[in-house]
Amino acid sequence: MINFIKSLFYSKDTKEVNEIFPTKANIFNCNSDVEFDGNLYFNGTVNGNLTCKFLKVGSNSLIAGNINADWVFVLGEVKGDIIANRVAIGPSAKVHGKISYNSISIEPGATILGNYFKRKGS
């Protein structure tokens, strides 16, 4: 499943932050909520909630807020809750919060400080 999720984030439809915000050079630091209707990959910091269709949190990233997405691939750190249809937690990931999912993959080495549970009615 991890390889399938990785393929989503390297497809021609994926928007790197430097395409959306050309002056940011794929390093994104934000102190507000972020909503994006598409695929988003970034390294950086978001102090706020993040909502998008597909999200890849790079290994040098920190999200201090909740994530709401269809697909989430975490390599960095999340301090907040994740609500997603499909979740993949990579080996370098640290998640501090609840994870609500329909499908989940957790790689060895990942750290989850919280709980995770399958969404009801799935």
# chains A, B, ... in the order shown; residues from 1 in each chain; ligands from 1
>>> closest_atom_pairs(of="range 28-64 of chain A", to="range 72-87 of chain A", cutoff="9 Å", atoms="only C-alpha atoms", output="Markdown table")
| residue | atom | partner | partner_atom | distance |
| --- | --- | --- | --- | --- |
| A:Asn43 | CA | A:Gly76 | CA | 8.3 |
| A:Asn49 | CA | A:Gly80 | CA | 8.5 |
| A:Lys53 | CA | A:Val72 | CA | 8.5 |
| A:Phe54 | CA | A:Val72 | CA | 6.0 |
| A:Leu55 | CA | A:Val72 | CA | 4.8 |
| A:Lys56 | CA | A:Phe73 | CA | 4.7 |
| A:Val57 | CA | A:Val74 | CA | 4.8 |
| A:Gly58 | CA | A:Leu75 | CA | 5.2 |
| A:Ser59 | CA | A:Gly76 | CA | 4.0 |
| A:Asn60 | CA | A:Gly76 | CA | 5.6 |
| A:Ser61 | CA | A:Gly76 | CA | 4.9 |
| A:Leu62 | CA | A:Glu77 | CA | 4.8 |
| A:Ile63 | CA | A:Val78 | CA | 4.8 |
| A:Ala64 | CA | A:Lys79 | CA | 4.7 |
>>> closest_residue(among="A:Ser103, A:Thr111, A:Asn66, A:Asn39", to="Pro91 in chain A", atoms="only C-alpha atoms")
A:Thr111
>>> residues_around(residues="Lys118 in chain A", least_positions_apart="2", cutoff="10 Å", atoms="only C-alpha atoms", output="PyMOL selection string")
chain A and resi 85+99-104+116+120-122
